[in-house]
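Shown below: run_21.tsv, with TSV, C-alpha atoms.
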chain	number	residue	atom	x	y	z
N	1	MET	CA	-3.44	-22.48	-3.32
N	2	PRO	CA	-0.65	-20.61	-5.19
N	3	ILE	CA	-1.37	-16.99	-6.07
N	4	ARG	CA	-0.96	-16.29	-9.79
N	5	PHE	CA	0.97	-13.14	-10.68
N	6	GLU	CA	0.30	-12.58	-14.38
N	7	SER	CA	1.94	-9.99	-16.61
N	8	VAL	CA	2.69	-9.43	-20.29
N	9	GLU	CA	5.36	-7.09	-21.63
N	10	ARG	CA	5.05	-5.07	-24.82
N	11	ALA	CA	7.34	-2.53	-26.50
N	12	ALA	CA	6.32	0.91	-27.75
N	13	ARG	CA	8.77	2.05	-30.47
N	14	ILE	CA	9.38	5.62	-31.63
N	15	LEU	CA	12.07	7.71	-33.30
N	16	SER	CA	12.82	10.03	-30.41
N	17	PRO	CA	13.82	13.69	-30.80
N	18	LEU	CA	15.51	13.29	-27.41
N	19	GLN	CA	17.90	10.77	-29.00
N	20	ASP	CA	18.49	12.56	-32.32
N	21	PHE	CA	15.54	10.62	-33.80
N	22	LYS	CA	17.19	7.29	-33.25
N	23	PRO	CA	14.94	4.25	-32.56
N	24	VAL	CA	13.87	4.05	-28.92
N	25	SER	CA	11.96	1.19	-27.30
N	26	GLN	CA	9.80	1.77	-24.21
N	27	THR	CA	8.69	-1.20	-22.10
N	28	ILE	CA	4.97	-1.39	-21.33
N	29	GLU	CA	3.98	-4.10	-18.84
N	30	HIS	CA	0.35	-5.18	-18.44
N	31	ARG	CA	-0.33	-6.73	-15.02
N	32	LYS	CA	-3.46	-8.36	-13.62
N	33	ASP	CA	-4.58	-8.15	-10.00
N	34	PRO	CA	-4.47	-11.77	-8.74
N	35	LEU	CA	-7.95	-11.53	-7.16
N	36	THR	CA	-10.09	-9.10	-9.16
N	37	ARG	CA	-8.32	-9.45	-12.54
N	38	ARG	CA	-8.27	-5.65	-12.71
N	39	SER	CA	-5.48	-4.55	-15.04
N	40	VAL	CA	-2.73	-1.97	-14.60
N	41	ILE	CA	-0.12	-0.62	-17.00
N	42	VAL	CA	3.37	-0.40	-15.51
N	43	ILE	CA	5.65	1.95	-17.41
N	44	LYS	CA	9.14	1.29	-16.14
N	45	GLY	CA	11.62	4.14	-15.75
N	46	ARG	CA	9.05	6.95	-16.04
N	47	MET	CA	9.18	8.02	-12.37
N	48	ASP	CA	12.19	10.28	-12.92
N	49	TYR	CA	10.16	12.16	-15.55
N	50	VAL	CA	7.07	12.64	-13.34
N	51	LYS	CA	9.05	13.56	-10.21
N	52	ARG	CA	8.67	17.26	-11.04
N	53	PHE	CA	4.89	16.85	-10.84
N	54	ILE	CA	5.06	15.00	-7.52
N	55	GLU	CA	6.97	17.75	-5.73
N	56	SER	CA	5.06	20.68	-4.20
N	57	ASP	CA	5.86	24.37	-4.25
N	58	ASP	CA	6.73	25.12	-0.60
N	59	LYS	CA	5.79	28.78	-0.86
N	60	SER	CA	2.34	27.97	-2.26
N	61	LEU	CA	1.82	25.29	0.37
N	62	ASP	CA	2.79	27.70	3.16
N	63	GLU	CA	0.35	30.29	1.76
N	64	LEU	CA	-2.41	27.66	1.69
N	65	TYR	CA	-2.00	26.85	5.38
N	66	LYS	CA	-1.72	30.52	6.43
N	67	SER	CA	-4.71	31.64	4.37
N	68	THR	CA	-6.98	28.88	5.69
N	69	GLN	CA	-6.07	28.82	9.38
N	70	ALA	CA	-7.93	31.99	10.41
N	71	ASP	CA	-11.36	30.45	9.75
N	72	CYS	CA	-10.59	26.72	9.60
N	73	PRO	CA	-13.67	24.80	10.83
N	74	PHE	CA	-11.46	21.96	12.06
N	75	CYS	CA	-9.20	24.01	14.33
N	76	PRO	CA	-10.04	23.76	18.06
N	77	SER	CA	-11.15	27.38	18.43
N	78	PHE	CA	-13.79	26.95	15.71
N	79	VAL	CA	-15.01	23.37	16.11
N	80	GLN	CA	-17.61	24.27	18.72
N	81	ALA	CA	-19.04	27.09	16.62
N	82	LYS	CA	-18.59	25.82	13.06
N	83	ALA	CA	-18.49	22.01	13.04
N	84	PRO	CA	-21.87	20.25	12.59
N	85	LYS	CA	-23.38	18.07	15.31
N	86	PHE	CA	-24.83	14.58	15.12
N	87	ILE	CA	-28.55	14.06	15.50
N	88	PRO	CA	-29.50	12.81	19.01
N	89	GLU	CA	-30.21	9.29	17.73
N	90	ILE	CA	-26.49	8.90	16.94
N	91	ALA	CA	-24.79	11.08	19.55
N	92	PRO	CA	-26.89	12.97	22.11
N	93	GLU	CA	-23.76	14.88	23.14
N	94	GLY	CA	-23.47	16.27	19.60
N	95	ARG	CA	-19.93	15.17	18.81
N	96	ILE	CA	-17.70	12.21	19.67
N	97	GLN	CA	-14.32	12.76	21.32
N	98	VAL	CA	-11.51	10.19	21.58
N	99	GLY	CA	-8.32	11.70	22.99
N	100	ASP	CA	-7.53	14.68	20.77
N	101	ALA	CA	-9.66	13.27	17.95
N	102	ALA	CA	-12.95	15.08	17.38
N	103	CYS	CA	-15.69	13.33	15.37
N	104	PHE	CA	-18.71	15.09	13.85
N	105	PRO	CA	-20.94	14.73	10.76
N	106	SER	CA	-19.75	15.91	7.37
N	107	LEU	CA	-21.41	19.19	6.38
N	108	PHE	CA	-21.89	17.73	2.88
N	109	ALA	CA	-22.39	13.97	3.08
N	110	HIS	CA	-20.84	11.58	0.55
N	111	GLU	CA	-22.66	8.54	1.99
N	112	ASP	CA	-25.85	7.74	3.93
N	113	PHE	CA	-23.73	8.07	7.06
N	114	ASN	CA	-20.62	10.23	6.80
N	115	ALA	CA	-18.57	11.52	9.71
N	116	LEU	CA	-15.38	13.55	9.74
N	117	VAL	CA	-12.69	12.88	12.31
N	118	VAL	CA	-10.08	15.54	13.05
N	119	PRO	CA	-7.27	13.56	14.74
N	120	SER	CA	-5.08	16.52	15.70
N	121	PRO	CA	-5.67	20.17	16.69
N	122	THR	CA	-2.60	21.14	14.61
N	123	HIS	CA	-3.62	22.96	11.43
N	124	GLU	CA	-0.40	22.56	9.47
N	125	MET	CA	1.10	19.09	9.49
N	126	GLY	CA	3.86	17.63	7.35
N	127	LEU	CA	3.80	13.99	6.34
N	128	ASN	CA	6.80	13.40	8.59
N	129	GLU	CA	4.85	14.73	11.59
N	130	PHE	CA	2.07	12.13	11.71
N	131	SER	CA	2.14	9.87	14.77
N	132	SER	CA	0.69	6.42	15.28
N	133	GLY	CA	-1.03	7.53	18.50
N	134	MET	CA	-2.81	10.36	16.69
N	135	LEU	CA	-4.04	7.98	13.98
N	136	VAL	CA	-5.13	5.31	16.46
N	137	ASP	CA	-7.32	7.84	18.29
N	138	GLY	CA	-8.75	8.92	14.93
N	139	PHE	CA	-9.54	5.34	13.93
N	140	LYS	CA	-11.12	4.64	17.32
N	141	ALA	CA	-13.39	7.65	16.82
N	142	CYS	CA	-14.40	6.19	13.43
N	143	LEU	CA	-15.17	2.82	15.00
N	144	GLN	CA	-17.19	4.41	17.78
N	145	TYR	CA	-19.16	6.33	15.14
N	146	PHE	CA	-19.92	3.11	13.24
N	147	GLU	CA	-21.08	1.50	16.50
N	148	ARG	CA	-23.41	4.43	17.22
N	149	VAL	CA	-24.79	4.35	13.66
N	150	ARG	CA	-25.52	0.63	13.81
N	151	ALA	CA	-27.20	0.96	17.19
N	152	TRP	CA	-29.69	3.26	15.42
N	153	ARG	CA	-29.68	1.78	11.90
N	154	ALA	CA	-28.56	-1.85	12.14
N	155	GLU	CA	-28.61	-2.30	8.37
N	156	ALA	CA	-25.73	0.18	7.84
N	157	ARG	CA	-23.13	-2.61	7.80
N	158	TYR	CA	-20.86	-1.57	4.93
N	159	ALA	CA	-18.13	0.73	6.20
N	160	ALA	CA	-14.92	2.33	5.02
N	161	ILE	CA	-12.38	4.83	6.32
N	162	ALA	CA	-10.67	7.26	3.94
N	163	MET	CA	-8.01	9.96	4.09
N	164	ASN	CA	-7.55	12.74	1.53
N	165	PHE	CA	-4.58	14.98	2.29
N	166	LEU	CA	-4.40	18.40	0.55
N	167	PRO	CA	-6.25	19.57	-2.60
N	168	PRO	CA	-4.40	17.32	-5.10
N	169	ALA	CA	-5.85	14.36	-3.16
N	170	GLY	CA	-9.38	15.77	-3.30
N	171	SER	CA	-9.45	17.54	0.07
N	172	THR	CA	-11.27	20.87	0.34
N	173	VAL	CA	-9.87	21.54	3.84
N	174	ALA	CA	-6.12	21.77	4.52
N	175	HIS	CA	-6.42	20.61	8.15
N	176	THR	CA	-5.75	16.85	8.52
N	177	HIS	CA	-8.95	14.83	8.71
N	178	ILE	CA	-10.37	11.34	8.21
N	179	GLN	CA	-13.64	10.30	6.54
N	180	ALA	CA	-15.82	7.57	8.08
N	181	LEU	CA	-18.43	6.21	5.64
N	182	ALA	CA	-21.26	3.73	6.22
N	183	SER	CA	-24.36	2.49	4.37
N	184	ASP	CA	-26.47	-0.58	3.71
N	185	ILE	CA	-25.26	-0.35	0.09
N	186	PRO	CA	-21.60	-1.32	-0.42
N	187	ILE	CA	-19.09	0.86	-2.24
N	188	HIS	CA	-18.41	-0.75	-5.63
N	189	SER	CA	-14.82	-1.82	-5.05
N	190	ILE	CA	-15.62	-3.26	-1.60
N	191	ALA	CA	-18.52	-5.25	-3.04
N	192	GLU	CA	-16.16	-6.59	-5.71
N	193	LEU	CA	-13.51	-7.58	-3.16
N	194	LEU	CA	-16.08	-9.37	-1.01
N	195	GLU	CA	-17.54	-11.22	-4.00
N	196	LYS	CA	-14.16	-12.28	-5.42
N	197	SER	CA	-12.81	-13.27	-1.99
N	198	LYS	CA	-15.82	-15.49	-1.30
N	199	ALA	CA	-15.58	-17.10	-4.75
N	200	TYR	CA	-11.86	-17.82	-4.22
N	201	PHE	CA	-12.59	-19.43	-0.83
N	202	GLU	CA	-15.38	-21.58	-2.25
N	203	GLU	CA	-13.19	-22.75	-5.14
N	204	HIS	CA	-9.93	-23.37	-3.28
N	205	GLY	CA	-10.97	-23.88	0.35
N	206	THR	CA	-8.48	-21.27	1.57
N	207	SER	CA	-8.55	-17.51	2.11
N	208	TYR	CA	-7.10	-15.48	-0.75
N	209	TRP	CA	-5.70	-12.99	1.76
N	210	SER	CA	-3.94	-15.65	3.82
N	211	ASP	CA	-2.54	-17.15	0.63
N	212	LEU	CA	-1.40	-13.70	-0.53
N	213	VAL	CA	0.40	-12.95	2.73
N	214	GLU	CA	2.09	-16.37	2.74
N	215	THR	CA	3.15	-16.00	-0.91
N	216	GLU	CA	4.47	-12.46	-0.59
N	217	ASN	CA	6.37	-13.33	2.59
N	218	ARG	CA	7.96	-16.29	0.81
N	219	LEU	CA	8.88	-14.37	-2.34
N	220	GLY	CA	10.12	-11.34	-0.40
N	221	ILE	CA	10.26	-8.96	-3.39
N	222	ARG	CA	7.18	-6.97	-2.34
N	223	HIS	CA	7.08	-7.76	1.39
N	224	LEU	CA	7.69	-4.72	3.63
N	225	GLY	CA	7.18	-6.02	7.17
N	226	SER	CA	4.55	-6.63	9.80
N	227	PHE	CA	3.29	-5.22	13.10
N	228	GLY	CA	1.56	-7.98	15.03
N	229	ASP	CA	-1.10	-9.39	12.70
N	230	VAL	CA	-0.93	-6.47	10.24
N	231	TYR	CA	1.13	-7.32	7.16
N	232	TRP	CA	2.49	-4.63	4.83
N	233	LEU	CA	3.52	-5.03	1.20
N	234	THR	CA	3.52	-3.30	-2.18
N	235	PRO	CA	0.75	-4.77	-4.36
N	236	PHE	CA	1.62	-6.64	-7.57
N	237	ALA	CA	-0.91	-4.61	-9.59
N	238	PRO	CA	-1.00	-1.13	-7.97
N	239	MET	CA	-3.97	1.21	-8.12
N	240	GLY	CA	-1.74	4.29	-7.85
N	241	LEU	CA	1.78	5.65	-7.55
N	242	ALA	CA	4.15	4.29	-4.88
N	243	GLU	CA	1.29	2.28	-3.41
N	244	ALA	CA	1.52	0.41	-0.11
N	245	GLN	CA	-0.98	-2.18	1.09
N	246	ALA	CA	-1.81	-3.64	4.50
N	247	ILE	CA	-3.74	-6.81	5.38
N	248	VAL	CA	-5.07	-7.53	8.89
N	249	SER	CA	-4.85	-11.26	9.43
N	250	GLY	CA	-7.87	-13.02	10.91
N	251	LYS	CA	-10.15	-9.94	11.07
N	252	SER	CA	-12.95	-9.66	8.51
N	253	SER	CA	-14.52	-6.37	9.63
N	254	LEU	CA	-13.52	-3.09	11.20
N	255	ASP	CA	-15.47	-3.70	14.39
N	256	ARG	CA	-13.33	-6.80	15.04
N	257	LEU	CA	-10.06	-4.86	15.14
N	258	SER	CA	-8.09	-4.81	18.39
N	259	ASP	CA	-5.94	-1.97	19.69
N	260	ALA	CA	-2.91	-3.90	18.42
N	261	ASP	CA	-4.47	-4.10	14.94
N	262	LEU	CA	-5.18	-0.37	14.89
N	263	ASN	CA	-1.64	0.32	16.01
N	264	GLY	CA	-0.29	-1.96	13.26
N	265	LEU	CA	-2.22	-0.01	10.64
N	266	ALA	CA	-1.21	3.35	12.11
N	267	GLU	CA	2.45	2.42	12.48
N	268	GLY	CA	2.67	1.34	8.85
N	269	ILE	CA	0.94	4.51	7.64
N	270	VAL	CA	3.42	6.64	9.57
N	271	ARG	CA	6.36	4.85	7.95
N	272	VAL	CA	4.94	5.12	4.44
N	273	LEU	CA	4.30	8.84	5.01
N	274	ARG	CA	7.91	9.35	6.10
N	275	PHE	CA	9.00	7.74	2.83
N	276	TYR	CA	6.61	9.95	0.85
N	277	HIS	CA	7.93	13.04	2.64
N	278	ASP	CA	11.54	12.11	1.94
N	279	ILE	CA	10.92	11.77	-1.82
N	280	GLY	CA	9.16	15.14	-1.97
N	281	VAL	CA	5.52	14.02	-1.73
N	282	ARG	CA	3.07	16.22	0.19
N	283	ALA	CA	-0.36	14.83	-0.84
N	284	PHE	CA	-1.76	11.31	-0.46
N	285	ASN	CA	-4.90	9.18	-0.32
N	286	ALA	CA	-5.55	6.20	1.94
N	287	ALA	CA	-8.53	3.89	2.39
N	288	ILE	CA	-9.35	1.11	4.85
N	289	TYR	CA	-11.94	-1.37	3.60
N	290	SER	CA	-14.00	-3.83	5.60
N	291	GLY	CA	-16.34	-6.77	5.37
N	292	LEU	CA	-19.84	-6.46	6.80
N	293	LEU	CA	-19.84	-4.94	10.28
N	294	GLY	CA	-20.94	-7.50	12.85
N	295	ASP	CA	-19.93	-10.36	10.56
N	296	GLU	CA	-17.13	-12.85	11.00
N	297	ASN	CA	-15.98	-15.06	8.13
N	298	ASP	CA	-12.95	-17.02	6.92
N	299	TYR	CA	-12.65	-15.55	3.42
N	300	PHE	CA	-12.09	-11.81	3.91
N	301	ASN	CA	-9.62	-9.59	5.75
N	302	VAL	CA	-9.70	-5.91	6.60
N	303	GLY	CA	-7.22	-4.12	4.37
N	304	LEU	CA	-5.67	-0.75	3.62
N	305	ARG	CA	-4.24	0.83	0.49
N	306	MET	CA	-2.47	4.19	0.22
N	307	VAL	CA	-0.98	6.09	-2.71
N	308	LEU	CA	0.89	9.32	-3.30
N	309	ARG	CA	-0.68	12.17	-5.30
N	310	TYR	CA	0.88	14.91	-7.38
N	311	GLY	CA	2.11	18.05	-5.63
N	312	TYR	CA	0.51	21.37	-4.71
N	313	LYS	CA	1.82	24.11	-6.99
N	314	PRO	CA	0.59	26.97	-9.21
N	315	ARG	CA	1.03	25.01	-12.46
N	316	PHE	CA	-0.80	21.95	-11.23
N	317	VAL	CA	-1.12	18.80	-13.35
N	318	SER	CA	-3.42	16.00	-12.19
N	319	ASP	CA	-2.10	12.46	-12.04
N	320	VAL	CA	-5.54	11.20	-13.12
N	321	TRP	CA	-6.55	11.52	-16.77
N	322	SER	CA	-9.11	9.85	-19.05
N	323	LEU	CA	-7.33	6.50	-18.96
N	324	GLN	CA	-8.04	6.15	-15.24
N	325	TYR	CA	-11.10	8.34	-14.75
N	326	LEU	CA	-13.25	7.20	-17.69
N	327	LEU	CA	-11.63	4.07	-19.12
N	328	GLY	CA	-10.92	2.35	-15.79
N	329	GLU	CA	-7.28	1.51	-16.55
N	330	ARG	CA	-4.58	2.12	-13.94
N	331	GLU	CA	-1.12	3.41	-14.80
N	332	VAL	CA	2.04	3.61	-12.66
N	333	TYR	CA	5.57	4.71	-13.47
N	334	GLU	CA	7.74	2.23	-11.62
N	335	THR	CA	7.27	-1.38	-10.62
N	336	PRO	CA	5.98	-2.23	-7.13
N	337	GLU	CA	9.19	-4.19	-6.66
N	338	GLU	CA	11.19	-0.97	-7.15
N	339	THR	CA	8.87	0.88	-4.77
N	340	CYS	CA	9.29	-1.89	-2.20
N	341	ALA	CA	13.08	-1.71	-2.40
N	342	LYS	CA	12.96	2.03	-1.62
N	343	LEU	CA	10.26	1.78	1.06
N	344	ARG	CA	11.49	-1.31	2.91
N	345	LYS	CA	14.16	0.53	4.92
N	346	TYR	CA	11.37	2.56	6.60
N	347	PHE	CA	9.96	-0.72	7.95
N	348	ALA	CA	13.31	-1.96	9.25

Please re-express this file's structure in C-alpha cells.
Amino acid sequence: MPIRFESVERAARILSPLQDFKPVSQTIEHRKDPLTRRSVIVIKGRMDYVKRFIESDDKSLDELYKSTQADCPFCPSFVQAKAPKFIPEIAPEGRIQVGDAACFPSLFAHEDFNALVVPSPTHEMGLNEFSSGMLVDGFKACLQYFERVRAWRAEARYAAIAMNFLPPAGSTVAHTHIQALASDIPIHSIAELLEKSKAYFEEHGTSYWSDLVETENRLGIRHLGSFGDVYWLTPFAPMGLAEAQAIVSGKSSLDRLSDADLNGLAEGIVRVLRFYHDIGVRAFNAAIYSGLLGDENDYFNVGLRMVLRYGYKPRFVSDVWSLQYLLGEREVYETPEETCAKLRKYFA
C-alpha cells in the first residue's frame, strides 16, 4: 500500500523592516504524519535565524559540569551511597549492573516503574564522545530491568526508553543517563501509534512500518541508511528540530530485540549525535517506543525518534512555546529533506 505524504503550502506576507519595508513572502508548509495525521508546520529557511539559540555557551557549560561533579549522584564514587536501590521483589542485589552501565530506581518516579541507567562513569561527555558499546550496555540494562519488573508485575507491559541530555532537554542531572519506563497503562503517543498501526494493517493487509521503510528507501530523499534490520531516516512530518527516526524491522517489542538490533540503534544514535555536535548542538532528547512486552505481531515495529534542543546559555530561550506545549502543533525550521542531506554523510 503506498504511503501518502500530504502537504499544503501557504504564504505569509509582510512589509519587512529588514527589507526597507518592501513586500516579503514567507513560505509556511503544513504537513501531515502519514500514520497518525498529526500536523506539523515547516517554516523553510528559518534555521539560520534560530542557530544562535541552538548553540551553547561553552563557559557556562563547563561551569555546569564542574559545579555538579563534586556531589553528582551518578558518578561512581557516589552511586553506592546516594543512588536508590530496587525493592527485593525486583532486584535483591539492590541495583543492576551491565558492563559499565549501572541501573537503579529513579528517586522521583515519572511512571509506575521508573529506572535510571547511567551508561558511563564519565561525568562530562560531549555529544561526539558517545560510543555504541556504551549505549548498548545501557539499553541492555533497561531490558533487564523490564524483565525483572514483569517477573514481579506481569501486567506492566507498556515500556519506553528515553534520554534527556542537559537542562534544555529537561534533565536535572548533567551526568549522562537513560530513563526506563514501564506500566500497565500506555503512554499516550505509544497508545496512538499502536492503535493507528493496527488499523492500517486491518485496512490494507500490510504493515505501515514495512511500507514506510520500502517507500522511503525507494524515494531516497529522507533515507539515511541501515544497520542490519534497523533503518534510519528523517521523518516526513517531524516532531522536533533536525529529527532522525529509526525503525527496527520485524520486531514489535523491546524484549524481542537482538544484540544486532541494539547495536543498530546505538550506532545510528552515535552518528546523529556527531552531526548535532558538529552544528553546535549540545542538548538532545531521544525516545525508543515499543509494542506490548511479551507480544509479537505483524503490524508494529519498535522505533526511535531523536531531536536537538536549544543550547545551554545564560540568556536561555526555550524551543517549546504555547503552539507546541498547549495547542499541540509542531513547528520546525527546515525541511526533513534538508536535514537528511546534511545528516546523510554521517551514515556513509

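Using all atoms listed in the file, the nearest neighbour of Asp261 in chain N within the list N:Ile90, N:Leu35, N:Val248, N:Ala199 is N:Val248.
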
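For the atom pair formed by CA of Ala83 in chain N and CA of Phe108 in chain N, the distance is 11.5 Å, given to one decimal.
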
Practice problem: Have a look at N:Leu254, N:Ile3, N:Cys72, N:Ile288 and name the one nearest to Lys32 in chain N; count only C-alpha atoms. | Solution: N:Ile3

Could you put an axis-aligned box around every listed atom of range 130-140 of chain N, padded by 5 Å on each side, and send me its centre and edge lengths in Å to one decimal, as AutoDock Vina command-line options?
--center_x -4.5 --center_y 8.4 --center_z 15.1 --size_x 23.3 --size_y 17.5 --size_z 16.8

List the spatial neighbours of range 346-348 of chain N as a tab-separated table (two decimals) with C-alpha atoms, keeping the file's coordinate frame - criterion: any atom at most 10 Å away, all atoms listed in the file, same-chain residues fewer than 4 positions off excluded.
chain	number	residue	atom	x	y	z
N	224	LEU	CA	7.69	-4.72	3.63
N	225	GLY	CA	7.18	-6.02	7.17
N	226	SER	CA	4.55	-6.63	9.80
N	227	PHE	CA	3.29	-5.22	13.10
N	232	TRP	CA	2.49	-4.63	4.83
N	267	GLU	CA	2.45	2.42	12.48
N	268	GLY	CA	2.67	1.34	8.85
N	270	VAL	CA	3.42	6.64	9.57
N	271	ARG	CA	6.36	4.85	7.95
N	272	VAL	CA	4.94	5.12	4.44
N	273	LEU	CA	4.30	8.84	5.01
N	274	ARG	CA	7.91	9.35	6.10
N	275	PHE	CA	9.00	7.74	2.83
N	342	LYS	CA	12.96	2.03	-1.62

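Going from CA of Leu343 in chain N to CA of Ser39 in chain N covers 23.4 Å.
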
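Nearest to Leu127 in chain N of all the residues N:Glu337, N:Asp278, N:Glu111, N:Glu329 is N:Asp278, based on all atoms listed in the file.
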
Could you produce a table of the residues of range 211-325 of chain N lying within 8 Å of range 185-190 of chain N, with the nearest pair of atoms per residue and their separation in Å rounded to one decimal, using only C-alpha atoms, ordered by chain and increasing residue number, as a Markdown table?
| residue | atom | partner | partner_atom | distance |
| --- | --- | --- | --- | --- |
| N:Tyr289 | CA | N:Ile190 | CA | 6.6 |
| N:Ser290 | CA | N:Ile190 | CA | 7.4 |
| N:Gly291 | CA | N:Ile190 | CA | 7.8 |

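When all atoms listed in the file are used to measure the gap to Ile43 in chain N, the shortest distance among N:Pro336, N:Gly280, N:Pro2, N:Gly303 belongs to N:Pro336.
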
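Of the residues listed (N:Ala12, N:His175, N:Val118, N:Asp48), N:His175 shows the shortest atom-to-atom separation from Tyr65 in chain N; distances use all atoms listed in the file.
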
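Among the candidates N:Gly228, N:Pro167, N:Gly126, N:Pro88, the one nearest to Leu64 in chain N when counting only C-alpha atoms is N:Pro167.
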
Model the absent atoms of range 337-344 of chain N so that all heavy atoms are present, and write the result as a compact mmCIF listing (two decimals), in the coordinates of the input.
# COMPACT_ATOMS: atom_id res chain seq x y z
N GLU N 337 7.96 -3.63 -7.21
CA GLU N 337 9.19 -4.19 -6.66
C GLU N 337 10.22 -3.09 -6.42
O GLU N 337 10.94 -3.09 -5.40
CB GLU N 337 9.76 -5.25 -7.61
CG GLU N 337 8.91 -6.50 -7.74
CD GLU N 337 7.70 -6.32 -8.67
OE1 GLU N 337 7.72 -5.38 -9.52
OE2 GLU N 337 6.74 -7.08 -8.54
N GLU N 338 10.28 -2.11 -7.33
CA GLU N 338 11.19 -0.97 -7.15
C GLU N 338 10.73 -0.11 -5.99
O GLU N 338 11.54 0.36 -5.17
CB GLU N 338 11.24 -0.14 -8.44
CG GLU N 338 11.92 -0.83 -9.60
CD GLU N 338 11.77 -0.07 -10.90
OE1 GLU N 338 10.64 0.39 -11.20
OE2 GLU N 338 12.77 0.08 -11.62
N THR N 339 9.42 0.12 -5.89
CA THR N 339 8.87 0.88 -4.77
C THR N 339 9.19 0.19 -3.45
O THR N 339 9.58 0.83 -2.47
CB THR N 339 7.35 1.04 -4.91
OG1 THR N 339 7.04 1.71 -6.14
CG2 THR N 339 6.77 1.82 -3.75
N CYS N 340 9.02 -1.13 -3.42
CA CYS N 340 9.29 -1.89 -2.20
C CYS N 340 10.74 -1.74 -1.77
O CYS N 340 11.03 -1.57 -0.58
CB CYS N 340 8.95 -3.36 -2.43
SG CYS N 340 9.15 -4.39 -0.97
N ALA N 341 11.66 -1.82 -2.73
CA ALA N 341 13.08 -1.71 -2.40
C ALA N 341 13.41 -0.37 -1.75
O ALA N 341 14.24 -0.29 -0.85
CB ALA N 341 13.92 -1.90 -3.67
N LYS N 342 12.73 0.70 -2.19
CA LYS N 342 12.96 2.03 -1.62
C LYS N 342 12.28 2.19 -0.27
O LYS N 342 12.79 2.85 0.63
CB LYS N 342 12.44 3.10 -2.58
CG LYS N 342 13.14 3.13 -3.93
CD LYS N 342 12.46 4.15 -4.85
CE LYS N 342 13.08 4.18 -6.24
NZ LYS N 342 12.37 5.09 -7.16
N LEU N 343 11.09 1.59 -0.13
CA LEU N 343 10.26 1.78 1.06
C LEU N 343 10.64 0.86 2.21
O LEU N 343 10.42 1.19 3.38
CB LEU N 343 8.80 1.57 0.67
CG LEU N 343 7.70 1.71 1.73
CD1 LEU N 343 7.78 3.05 2.44
CD2 LEU N 343 6.34 1.54 1.09
N ARG N 344 11.26 -0.28 1.90
CA ARG N 344 11.49 -1.31 2.91
C ARG N 344 12.33 -0.81 4.07
O ARG N 344 12.11 -1.21 5.23
CB ARG N 344 12.15 -2.53 2.27
CG ARG N 344 12.30 -3.71 3.23
CD ARG N 344 12.89 -4.91 2.52
NE ARG N 344 11.92 -5.55 1.66
CZ ARG N 344 12.20 -6.09 0.47
NH1 ARG N 344 13.43 -5.99 0.01
NH2 ARG N 344 11.26 -6.68 -0.23
